[in-house]
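Asks: File model_32.cif follows (mmCIF, N, CA and C atoms):
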data_structure
loop_
_atom_site.label_atom_id
_atom_site.label_comp_id
_atom_site.auth_asym_id
_atom_site.auth_seq_id
_atom_site.Cartn_x
_atom_site.Cartn_y
_atom_site.Cartn_z
N MET A 836 54.63 -18.07 74.85
CA MET A 836 54.84 -17.68 76.23
C MET A 836 55.54 -16.32 76.26
N GLU A 837 54.88 -15.34 76.80
CA GLU A 837 55.44 -14.00 76.90
C GLU A 837 56.34 -13.92 78.14
N ILE A 838 57.53 -13.39 77.95
CA ILE A 838 58.49 -13.29 79.05
C ILE A 838 58.48 -11.86 79.57
N PRO A 839 58.11 -11.67 80.83
CA PRO A 839 58.04 -10.32 81.39
C PRO A 839 59.42 -9.68 81.49
N PHE A 840 59.51 -8.44 81.01
CA PHE A 840 60.78 -7.70 81.02
C PHE A 840 61.34 -7.57 82.43
N LEU A 841 60.48 -7.27 83.41
CA LEU A 841 60.95 -7.07 84.78
C LEU A 841 61.62 -8.34 85.32
N ALA A 842 61.05 -9.50 85.00
CA ALA A 842 61.64 -10.76 85.45
C ALA A 842 63.04 -10.94 84.86
N LEU A 843 63.21 -10.58 83.59
CA LEU A 843 64.52 -10.71 82.96
C LEU A 843 65.51 -9.70 83.54
N LEU A 844 65.04 -8.51 83.85
CA LEU A 844 65.89 -7.50 84.47
C LEU A 844 66.37 -7.97 85.84
N ILE A 845 65.45 -8.50 86.63
CA ILE A 845 65.81 -9.03 87.96
C ILE A 845 66.81 -10.17 87.81
N ALA A 846 66.61 -11.04 86.83
CA ALA A 846 67.54 -12.16 86.60
C ALA A 846 68.92 -11.64 86.20
N ALA A 847 68.96 -10.61 85.36
CA ALA A 847 70.24 -10.03 84.95
C ALA A 847 70.97 -9.42 86.15
N ILE A 848 70.23 -8.74 87.00
CA ILE A 848 70.82 -8.16 88.21
C ILE A 848 71.35 -9.27 89.12
N ALA A 849 70.60 -10.36 89.25
CA ALA A 849 71.06 -11.50 90.05
C ALA A 849 72.34 -12.07 89.45
N GLY A 850 72.43 -12.15 88.14
CA GLY A 850 73.64 -12.63 87.49
C GLY A 850 74.83 -11.72 87.76
N MET A 851 74.58 -10.42 87.73
CA MET A 851 75.65 -9.46 88.06
C MET A 851 76.10 -9.65 89.50
N ALA A 852 75.13 -9.84 90.38
CA ALA A 852 75.45 -10.04 91.80
C ALA A 852 76.26 -11.32 91.98
N MET A 853 75.94 -12.37 91.20
CA MET A 853 76.69 -13.63 91.31
C MET A 853 78.15 -13.44 90.94
N ALA A 854 78.42 -12.66 89.88
CA ALA A 854 79.81 -12.41 89.48
C ALA A 854 80.54 -11.62 90.57
N LEU A 855 79.86 -10.63 91.14
CA LEU A 855 80.46 -9.86 92.23
C LEU A 855 80.68 -10.73 93.46
N GLN A 856 79.65 -11.52 93.81
CA GLN A 856 79.75 -12.38 94.98
C GLN A 856 80.90 -13.38 94.82
N GLY A 857 80.98 -13.98 93.66
CA GLY A 857 82.04 -14.94 93.42
C GLY A 857 83.42 -14.32 93.58
N SER A 858 83.58 -13.11 93.08
CA SER A 858 84.86 -12.41 93.20
C SER A 858 85.17 -12.10 94.65
N LEU A 859 84.17 -11.61 95.38
CA LEU A 859 84.37 -11.31 96.80
C LEU A 859 84.66 -12.57 97.60
N ASN A 860 83.95 -13.66 97.30
CA ASN A 860 84.17 -14.92 97.99
C ASN A 860 85.58 -15.45 97.71
N ALA A 861 86.03 -15.31 96.46
CA ALA A 861 87.37 -15.77 96.11
C ALA A 861 88.42 -14.97 96.88
N ALA A 862 88.21 -13.66 96.97
CA ALA A 862 89.15 -12.80 97.71
C ALA A 862 89.18 -13.18 99.19
N LEU A 863 88.00 -13.40 99.78
CA LEU A 863 87.94 -13.80 101.18
C LEU A 863 88.56 -15.18 101.37
N GLY A 864 88.33 -16.07 100.42
CA GLY A 864 88.87 -17.42 100.49
C GLY A 864 90.39 -17.44 100.52
N LYS A 865 91.02 -16.51 99.82
CA LYS A 865 92.48 -16.42 99.85
C LYS A 865 92.99 -16.06 101.24
N ILE A 866 92.17 -15.35 102.00
CA ILE A 866 92.58 -14.90 103.32
C ILE A 866 92.26 -15.92 104.40
N ILE A 867 91.01 -16.43 104.40
CA ILE A 867 90.59 -17.31 105.52
C ILE A 867 90.41 -18.77 105.11
N GLY A 868 90.43 -19.07 103.82
CA GLY A 868 90.21 -20.44 103.35
C GLY A 868 88.83 -20.56 102.69
N THR A 869 88.72 -21.51 101.76
CA THR A 869 87.49 -21.64 100.98
C THR A 869 86.31 -22.18 101.80
N LEU A 870 86.53 -23.21 102.58
CA LEU A 870 85.44 -23.74 103.41
C LEU A 870 85.01 -22.72 104.45
N GLU A 871 85.98 -22.02 105.03
CA GLU A 871 85.66 -20.98 106.01
C GLU A 871 84.86 -19.85 105.36
N THR A 872 85.22 -19.50 104.13
CA THR A 872 84.48 -18.48 103.39
C THR A 872 83.05 -18.91 103.15
N THR A 873 82.86 -20.16 102.76
CA THR A 873 81.52 -20.69 102.54
C THR A 873 80.68 -20.57 103.81
N PHE A 874 81.28 -20.87 104.95
CA PHE A 874 80.60 -20.75 106.24
C PHE A 874 80.24 -19.29 106.53
N VAL A 875 81.19 -18.39 106.39
CA VAL A 875 80.97 -16.97 106.69
C VAL A 875 79.90 -16.39 105.78
N VAL A 876 79.93 -16.73 104.51
CA VAL A 876 78.93 -16.22 103.57
C VAL A 876 77.53 -16.63 104.00
N HIS A 877 77.38 -17.86 104.45
CA HIS A 877 76.06 -18.32 104.89
C HIS A 877 75.63 -17.64 106.20
N ILE A 878 76.57 -17.40 107.11
CA ILE A 878 76.23 -16.71 108.35
C ILE A 878 75.78 -15.27 108.06
N VAL A 879 76.50 -14.59 107.18
CA VAL A 879 76.11 -13.22 106.80
C VAL A 879 74.75 -13.25 106.10
N GLY A 880 74.55 -14.24 105.24
CA GLY A 880 73.27 -14.38 104.55
C GLY A 880 72.12 -14.60 105.52
N ILE A 881 72.35 -15.41 106.54
CA ILE A 881 71.32 -15.64 107.56
C ILE A 881 70.99 -14.34 108.27
N ALA A 882 72.01 -13.56 108.61
CA ALA A 882 71.78 -12.28 109.30
C ALA A 882 70.96 -11.34 108.42
N VAL A 883 71.27 -11.30 107.14
CA VAL A 883 70.54 -10.40 106.23
C VAL A 883 69.09 -10.85 106.09
N ILE A 884 68.86 -12.13 105.85
CA ILE A 884 67.49 -12.59 105.62
C ILE A 884 66.66 -12.54 106.89
N MET A 885 67.29 -12.75 108.04
CA MET A 885 66.57 -12.60 109.31
C MET A 885 66.13 -11.14 109.50
N SER A 886 66.98 -10.21 109.12
CA SER A 886 66.61 -8.80 109.19
C SER A 886 65.42 -8.49 108.29
N VAL A 887 65.47 -9.01 107.07
CA VAL A 887 64.39 -8.77 106.11
C VAL A 887 63.08 -9.37 106.63
N LEU A 888 63.15 -10.59 107.16
CA LEU A 888 61.94 -11.27 107.62
C LEU A 888 61.39 -10.72 108.93
N TYR A 889 62.26 -10.46 109.88
CA TYR A 889 61.78 -10.14 111.23
C TYR A 889 61.85 -8.67 111.59
N LEU A 890 62.92 -7.97 111.23
CA LEU A 890 63.00 -6.55 111.58
C LEU A 890 62.10 -5.71 110.67
N PHE A 891 62.14 -6.02 109.37
CA PHE A 891 61.36 -5.25 108.40
C PHE A 891 60.00 -5.87 108.09
N ARG A 892 59.75 -7.05 108.65
CA ARG A 892 58.47 -7.75 108.49
C ARG A 892 58.07 -7.94 107.02
N LEU A 893 59.06 -8.27 106.20
CA LEU A 893 58.78 -8.56 104.80
C LEU A 893 58.61 -10.07 104.64
N GLY A 894 58.07 -10.49 103.56
CA GLY A 894 57.83 -11.92 103.33
C GLY A 894 56.34 -12.22 103.50
N LYS A 895 55.98 -13.45 103.26
CA LYS A 895 54.58 -13.87 103.32
C LYS A 895 54.16 -14.37 104.70
N GLY A 896 55.14 -14.67 105.56
CA GLY A 896 54.80 -15.18 106.88
C GLY A 896 54.35 -16.63 106.87
N ASN A 897 54.81 -17.40 105.91
CA ASN A 897 54.36 -18.79 105.76
C ASN A 897 55.39 -19.82 106.20
N LEU A 898 56.29 -19.47 107.09
CA LEU A 898 57.31 -20.44 107.50
C LEU A 898 56.72 -21.68 108.15
N LEU A 899 55.53 -21.58 108.71
CA LEU A 899 54.91 -22.75 109.33
C LEU A 899 54.52 -23.81 108.29
N LEU A 900 54.44 -23.40 107.02
CA LEU A 900 54.12 -24.35 105.96
C LEU A 900 55.34 -25.15 105.50
N LEU A 901 56.48 -24.88 106.09
CA LEU A 901 57.71 -25.57 105.74
C LEU A 901 57.56 -27.08 105.81
N LYS A 902 56.79 -27.54 106.76
CA LYS A 902 56.58 -28.99 106.94
C LYS A 902 55.85 -29.61 105.76
N ASP A 903 55.15 -28.81 104.97
CA ASP A 903 54.39 -29.30 103.83
C ASP A 903 55.22 -29.41 102.54
N ALA A 904 56.43 -28.89 102.58
CA ALA A 904 57.28 -28.90 101.38
C ALA A 904 57.86 -30.30 101.16
N PRO A 905 57.96 -30.74 99.90
CA PRO A 905 58.59 -32.02 99.61
C PRO A 905 60.05 -32.02 100.08
N TRP A 906 60.56 -33.17 100.49
CA TRP A 906 61.90 -33.29 101.05
C TRP A 906 62.96 -32.72 100.12
N TYR A 907 62.81 -32.94 98.80
CA TYR A 907 63.86 -32.54 97.87
C TYR A 907 63.99 -31.02 97.75
N THR A 908 62.97 -30.28 98.18
CA THR A 908 63.08 -28.82 98.09
C THR A 908 64.09 -28.27 99.10
N TYR A 909 64.42 -29.05 100.11
CA TYR A 909 65.44 -28.63 101.08
C TYR A 909 66.85 -28.73 100.51
N LEU A 910 67.01 -29.43 99.41
CA LEU A 910 68.34 -29.59 98.82
C LEU A 910 68.91 -28.27 98.30
N GLY A 911 68.07 -27.26 98.18
CA GLY A 911 68.56 -25.94 97.78
C GLY A 911 69.64 -25.43 98.72
N GLY A 912 69.51 -25.71 100.00
CA GLY A 912 70.53 -25.30 100.97
C GLY A 912 71.85 -26.02 100.74
N VAL A 913 71.76 -27.31 100.43
CA VAL A 913 72.97 -28.09 100.13
C VAL A 913 73.62 -27.55 98.86
N LEU A 914 72.80 -27.28 97.86
CA LEU A 914 73.33 -26.75 96.61
C LEU A 914 73.94 -25.37 96.80
N GLY A 915 73.37 -24.57 97.71
CA GLY A 915 73.93 -23.25 98.00
C GLY A 915 75.36 -23.36 98.50
N VAL A 916 75.61 -24.33 99.37
CA VAL A 916 76.97 -24.56 99.87
C VAL A 916 77.88 -24.97 98.72
N LEU A 917 77.41 -25.89 97.89
CA LEU A 917 78.20 -26.35 96.75
C LEU A 917 78.51 -25.20 95.79
N ILE A 918 77.53 -24.37 95.53
CA ILE A 918 77.70 -23.24 94.61
C ILE A 918 78.75 -22.26 95.14
N ILE A 919 78.57 -21.84 96.38
CA ILE A 919 79.50 -20.86 96.94
C ILE A 919 80.92 -21.43 96.99
N PHE A 920 81.06 -22.67 97.41
CA PHE A 920 82.37 -23.31 97.46
C PHE A 920 82.96 -23.41 96.05
N GLY A 921 82.17 -23.90 95.11
CA GLY A 921 82.65 -24.09 93.74
C GLY A 921 83.08 -22.79 93.08
N VAL A 922 82.31 -21.74 93.29
CA VAL A 922 82.65 -20.45 92.71
C VAL A 922 83.92 -19.89 93.36
N ALA A 923 84.00 -20.00 94.68
CA ALA A 923 85.17 -19.48 95.39
C ALA A 923 86.45 -20.23 94.99
N VAL A 924 86.32 -21.50 94.63
CA VAL A 924 87.48 -22.28 94.20
C VAL A 924 87.83 -21.99 92.74
N SER A 925 86.82 -21.86 91.88
CA SER A 925 87.09 -21.76 90.45
C SER A 925 87.55 -20.38 90.00
N ILE A 926 87.06 -19.32 90.60
CA ILE A 926 87.41 -17.97 90.14
C ILE A 926 88.90 -17.67 90.26
N PRO A 927 89.55 -17.96 91.38
CA PRO A 927 90.99 -17.66 91.43
C PRO A 927 91.83 -18.46 90.44
N ARG A 928 91.34 -19.65 90.08
CA ARG A 928 92.10 -20.51 89.17
C ARG A 928 91.79 -20.23 87.70
N ALA A 929 90.53 -19.92 87.39
CA ALA A 929 90.14 -19.75 85.99
C ALA A 929 89.93 -18.29 85.60
N GLY A 930 89.76 -17.42 86.57
CA GLY A 930 89.42 -16.02 86.29
C GLY A 930 87.91 -15.83 86.36
N VAL A 931 87.50 -14.61 86.65
CA VAL A 931 86.07 -14.32 86.82
C VAL A 931 85.28 -14.59 85.55
N ALA A 932 85.76 -14.08 84.41
CA ALA A 932 85.01 -14.25 83.16
C ALA A 932 84.93 -15.72 82.74
N ASN A 933 86.03 -16.44 82.83
CA ASN A 933 86.00 -17.85 82.44
C ASN A 933 85.13 -18.68 83.37
N ALA A 934 85.27 -18.47 84.67
CA ALA A 934 84.44 -19.22 85.62
C ALA A 934 82.97 -18.88 85.42
N THR A 935 82.66 -17.61 85.24
CA THR A 935 81.26 -17.20 85.05
C THR A 935 80.71 -17.78 83.76
N THR A 936 81.51 -17.83 82.72
CA THR A 936 81.07 -18.44 81.46
C THR A 936 80.73 -19.92 81.67
N ALA A 937 81.59 -20.63 82.37
CA ALA A 937 81.32 -22.05 82.65
C ALA A 937 80.06 -22.21 83.51
N ILE A 938 79.90 -21.31 84.47
CA ILE A 938 78.70 -21.34 85.33
C ILE A 938 77.45 -21.15 84.49
N ILE A 939 77.46 -20.18 83.61
CA ILE A 939 76.28 -19.88 82.79
C ILE A 939 75.96 -21.04 81.85
N ILE A 940 76.99 -21.63 81.25
CA ILE A 940 76.76 -22.78 80.36
C ILE A 940 76.14 -23.93 81.16
N GLY A 941 76.71 -24.20 82.34
CA GLY A 941 76.15 -25.26 83.19
C GLY A 941 74.72 -24.96 83.61
N GLN A 942 74.46 -23.70 83.96
CA GLN A 942 73.10 -23.30 84.36
C GLN A 942 72.12 -23.50 83.21
N LEU A 943 72.51 -23.10 82.02
CA LEU A 943 71.60 -23.18 80.89
C LEU A 943 71.29 -24.62 80.51
N ILE A 944 72.29 -25.47 80.50
CA ILE A 944 72.04 -26.88 80.18
C ILE A 944 71.09 -27.49 81.20
N THR A 945 71.34 -27.21 82.48
CA THR A 945 70.46 -27.73 83.54
C THR A 945 69.06 -27.15 83.42
N ALA A 946 68.97 -25.85 83.15
CA ALA A 946 67.68 -25.19 83.02
C ALA A 946 66.87 -25.77 81.85
N LEU A 947 67.53 -26.05 80.74
CA LEU A 947 66.84 -26.64 79.59
C LEU A 947 66.28 -28.01 79.94
N LEU A 948 67.04 -28.79 80.69
CA LEU A 948 66.55 -30.12 81.11
C LEU A 948 65.36 -29.99 82.08
N ILE A 949 65.46 -29.07 83.03
CA ILE A 949 64.35 -28.85 83.97
C ILE A 949 63.10 -28.42 83.23
N ASP A 950 63.26 -27.47 82.28
CA ASP A 950 62.12 -27.02 81.48
C ASP A 950 61.53 -28.15 80.65
N GLN A 951 62.37 -28.88 79.95
CA GLN A 951 61.91 -29.94 79.05
C GLN A 951 61.05 -30.96 79.78
N PHE A 952 61.47 -31.34 80.97
CA PHE A 952 60.77 -32.39 81.71
C PHE A 952 59.82 -31.86 82.77
N GLY A 953 59.77 -30.54 82.95
CA GLY A 953 58.88 -29.96 83.96
C GLY A 953 59.20 -30.46 85.35
N LEU A 954 60.48 -30.55 85.67
CA LEU A 954 60.89 -31.09 86.97
C LEU A 954 60.48 -30.19 88.13
N PHE A 955 60.34 -30.78 89.29
CA PHE A 955 60.04 -30.08 90.55
C PHE A 955 58.70 -29.36 90.51
N GLY A 956 57.78 -29.86 89.71
CA GLY A 956 56.45 -29.27 89.65
C GLY A 956 56.37 -28.01 88.80
N LEU A 957 57.42 -27.70 88.07
CA LEU A 957 57.40 -26.52 87.21
C LEU A 957 56.74 -26.84 85.88
N GLU A 958 56.27 -25.81 85.23
CA GLU A 958 55.61 -25.98 83.93
C GLU A 958 56.62 -26.47 82.90
N LYS A 959 56.18 -27.43 82.07
CA LYS A 959 57.03 -27.91 80.98
C LYS A 959 57.18 -26.83 79.93
N VAL A 960 58.41 -26.62 79.51
CA VAL A 960 58.70 -25.70 78.42
C VAL A 960 59.57 -26.49 77.44
N PRO A 961 58.99 -26.88 76.30
CA PRO A 961 59.69 -27.81 75.41
C PRO A 961 60.98 -27.23 74.82
N PHE A 962 61.95 -28.13 74.61
CA PHE A 962 63.18 -27.79 73.92
C PHE A 962 62.85 -27.62 72.45
N THR A 963 63.34 -26.55 71.85
CA THR A 963 63.05 -26.28 70.44
C THR A 963 64.35 -26.15 69.65
N LEU A 964 64.21 -26.14 68.36
CA LEU A 964 65.37 -25.95 67.48
C LEU A 964 66.05 -24.62 67.80
N TRP A 965 65.26 -23.58 68.05
CA TRP A 965 65.83 -22.26 68.36
C TRP A 965 66.62 -22.29 69.66
N LYS A 966 66.11 -23.01 70.64
CA LYS A 966 66.85 -23.13 71.90
C LYS A 966 68.14 -23.91 71.68
N GLY A 967 68.07 -24.94 70.85
CA GLY A 967 69.27 -25.69 70.52
C GLY A 967 70.30 -24.81 69.82
N LEU A 968 69.83 -23.96 68.91
CA LEU A 968 70.72 -23.03 68.22
C LEU A 968 71.32 -22.03 69.22
N GLY A 969 70.49 -21.54 70.14
CA GLY A 969 70.98 -20.63 71.18
C GLY A 969 72.04 -21.28 72.04
N LEU A 970 71.81 -22.54 72.40
CA LEU A 970 72.79 -23.28 73.20
C LEU A 970 74.09 -23.47 72.42
N ALA A 971 73.98 -23.76 71.13
CA ALA A 971 75.18 -23.92 70.29
C ALA A 971 75.95 -22.60 70.22
N CYS A 972 75.24 -21.50 70.06
CA CYS A 972 75.90 -20.19 70.03
C CYS A 972 76.57 -19.88 71.37
N LEU A 973 75.89 -20.20 72.45
CA LEU A 973 76.48 -19.99 73.78
C LEU A 973 77.73 -20.84 73.95
N ALA A 974 77.67 -22.09 73.51
CA ALA A 974 78.84 -22.97 73.60
C ALA A 974 79.99 -22.41 72.76
N ALA A 975 79.67 -21.90 71.57
CA ALA A 975 80.71 -21.29 70.72
C ALA A 975 81.29 -20.06 71.40
N GLY A 976 80.42 -19.26 72.01
CA GLY A 976 80.90 -18.09 72.74
C GLY A 976 81.76 -18.49 73.92
N GLY A 977 81.36 -19.56 74.61
CA GLY A 977 82.15 -20.07 75.72
C GLY A 977 83.52 -20.52 75.23
N TYR A 978 83.54 -21.19 74.12
CA TYR A 978 84.83 -21.62 73.54
C TYR A 978 85.73 -20.41 73.27
N LEU A 979 85.15 -19.37 72.69
CA LEU A 979 85.92 -18.16 72.41
C LEU A 979 86.41 -17.49 73.69
N MET A 980 85.59 -17.53 74.74
CA MET A 980 85.99 -16.95 76.02
C MET A 980 87.18 -17.71 76.61
N PHE A 981 87.21 -19.02 76.40
CA PHE A 981 88.27 -19.84 76.99
C PHE A 981 89.56 -19.80 76.19
N CYS A 982 89.50 -19.35 74.92
CA CYS A 982 90.70 -19.27 74.09
C CYS A 982 91.64 -18.21 74.65
N ARG A 983 92.88 -18.48 74.59
CA ARG A 983 93.87 -17.52 75.12
C ARG A 983 94.35 -16.63 74.02
#
Written as structure tokens, how would this file's structure read?

Replies:
Amino acid sequence: MEIPFLALLIAAIAGMAMALQGSLNAALGKIIGTLETTFVVHIVGIAVIMSVLYLFRLGKGNLLLLKDAPWYTYLGGVLGVLIIFGVAVSIPRAGVANATTAIIIGQLITALLIDQFGLFGLEKVPFTLWKGLGLACLAAGGYLMFCR
């Protein structure tokens, strides 16, 4: 399976944005509260995506197909709230690097399970010895990040 460079670049940029977003959310959370920050972040996000969809007319225009989506695909919104809240709570207590390391380890373990079983209609990507070795190295790196 060939992995497109552009897809990895976009993913890396998204990861950078997550670290920035988490830091900004933590800072806002100290001022207005964590649950309030989660609410504000989603309101701002709605304003941005509405602008992209309606003012700039970007997107596929397939919102009417929403009714055809399986029920579990809507859980992404619930998870978004959990993610923003969890990041805003963990960063001030653990630090940006430590919290981000834990986030990445959690993401990778979950991603490996989703790939292995082809969950949510995605293509199965089998777990291999090399992936296991990569996970072990990541865990070792995480351990080193958490050491004081």

Asks: Just list as a PyMOL selection string whatever in chain A DSSP marks as helix (DSSP H, G or I).

Replies: chain A and resi 840-867+869-890+898-903+906-929+931-952+954-956+964-981

Asks: Have a look at A:Leu954, A:Ala846, A:Thr945, A:Ser858 and name the one nearest to A:Ala923; count only C-alpha atoms.

Replies: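 Under the stated criterion, the closest residue is A:Ser858.
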
Asks: Under the PyMOL selection byres ((chain A and resi 860) around 8), which residues of this model are included? Write them out as a list in words.

Replies: Ala854, Leu855, Gln856, Gly857, Ser858, Leu859, Ala861, Ala862, Leu863, Gly864, Lys865, Ile866, Gly868, Thr869, Thr872, Thr873, Val876, Ile919, Val922, Ala923, Val924 and Pro927 of chain A

Asks: Could you state the separation of atom N of A:Trp906 and atom C of A:Asp950 in Å, given to one decimal place?

Replies: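 Going from atom N of A:Trp906 over to atom C of A:Asp950, I get 20.5 Å.
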
Asks: If we count all atoms listed in the file, what is near stretch 965-972 of chain A at a cut-off of 8 Å, once residues fewer than 6 positions away on the same chain are taken out, given as a ChimeraX atom specification?

Replies: /A:943-944,978

Asks: Atom CA of A:Leu910 to atom CA of A:Ser886: how many Å, to one decimal?

Replies: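 The value is 23.3 Å.
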
Asks: List the spatial neighbours of A:Cys982 as a PDB file with N, CA and C atoms, keeping the file's coordinate frame - criterion: any atom at most 10 Å away, only C-alpha atoms, same-chain residues fewer than 5 positions off excluded.

Replies:
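The resulting file, out_1.pdb, is reproduced below:
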ATOM      1  N   ASN A 933      86.030 -16.440  82.830  1.00  0.00           N
ATOM      2  CA  ASN A 933      86.000 -17.850  82.440  1.00  0.00           C
ATOM      3  C   ASN A 933      85.130 -18.680  83.370  1.00  0.00           C
ATOM      4  N   GLY A 976      80.420 -19.260  72.010  1.00  0.00           N
ATOM      5  CA  GLY A 976      80.900 -18.090  72.740  1.00  0.00           C
ATOM      6  C   GLY A 976      81.760 -18.490  73.920  1.00  0.00           C
ATOM      7  N   GLY A 977      81.360 -19.560  74.610  1.00  0.00           N
ATOM      8  CA  GLY A 977      82.150 -20.070  75.720  1.00  0.00           C
ATOM      9  C   GLY A 977      83.520 -20.520  75.230  1.00  0.00           C
TER      10      GLY A 977
END

Asks: Could you check how far atom CA of A:Tyr907 sits from atom CA of A:Phe955, in Å to one decimal?

Replies: 8.6 Å

Asks: With stretch 929-932 of chain A as the partner and 12 Å as the cut-off, tabulate the residues of stretch 937-960 of chain A that qualify, each row holding the nearest pair of atoms and their distance in Å to one decimal, using only C-alpha atoms, sorted by chain and rising number, as JSON lines.

Replies:
{"residue": "A:Ala937", "atom": "CA", "partner": "A:Ala932", "partner_atom": "CA", "distance": 8.6}
{"residue": "A:Ile938", "atom": "CA", "partner": "A:Ala932", "partner_atom": "CA", "distance": 9.7}
{"residue": "A:Ile939", "atom": "CA", "partner": "A:Ala932", "partner_atom": "CA", "distance": 10.4}

Asks: Could you tell me which residues the PyMOL selection byres ((chain A and resi 960) around 5) returns for this structure, as an mmCIF file with N, CA and C atoms, keeping the file's coordinate frame?

Replies:
data_model
loop_
_atom_site.group_PDB
_atom_site.id
_atom_site.type_symbol
_atom_site.label_atom_id
_atom_site.label_comp_id
_atom_site.auth_asym_id
_atom_site.auth_seq_id
_atom_site.Cartn_x
_atom_site.Cartn_y
_atom_site.Cartn_z
ATOM 1 N N ASP A 950 63.260 -27.470 82.280
ATOM 2 C CA ASP A 950 62.120 -27.020 81.480
ATOM 3 C C ASP A 950 61.530 -28.150 80.650
ATOM 4 N N GLN A 951 62.370 -28.880 79.950
ATOM 5 C CA GLN A 951 61.910 -29.940 79.050
ATOM 6 C C GLN A 951 61.050 -30.960 79.780
ATOM 7 N N GLU A 958 56.270 -25.810 85.230
ATOM 8 C CA GLU A 958 55.610 -25.980 83.930
ATOM 9 C C GLU A 958 56.620 -26.470 82.900
ATOM 10 N N LYS A 959 56.180 -27.430 82.070
ATOM 11 C CA LYS A 959 57.030 -27.910 80.980
ATOM 12 C C LYS A 959 57.180 -26.830 79.930
ATOM 13 N N PRO A 961 58.990 -26.880 76.300
ATOM 14 C CA PRO A 961 59.690 -27.810 75.410
ATOM 15 C C PRO A 961 60.980 -27.230 74.820
ATOM 16 N N PHE A 962 61.950 -28.130 74.610
ATOM 17 C CA PHE A 962 63.180 -27.790 73.920
ATOM 18 C C PHE A 962 62.850 -27.620 72.450
#

Asks: Please enclose the listed atoms of stretch 920-932 of chain A in an axis-aligned box, pad each side by 5 Å, and write out the centre and the three edge lengths in Å, rounded to one decimal, as JSON.

Replies:
{"center_x": 86.6, "center_y": -19.1, "center_z": 90.1, "size_x": 21.0, "size_y": 20.0, "size_z": 24.7}
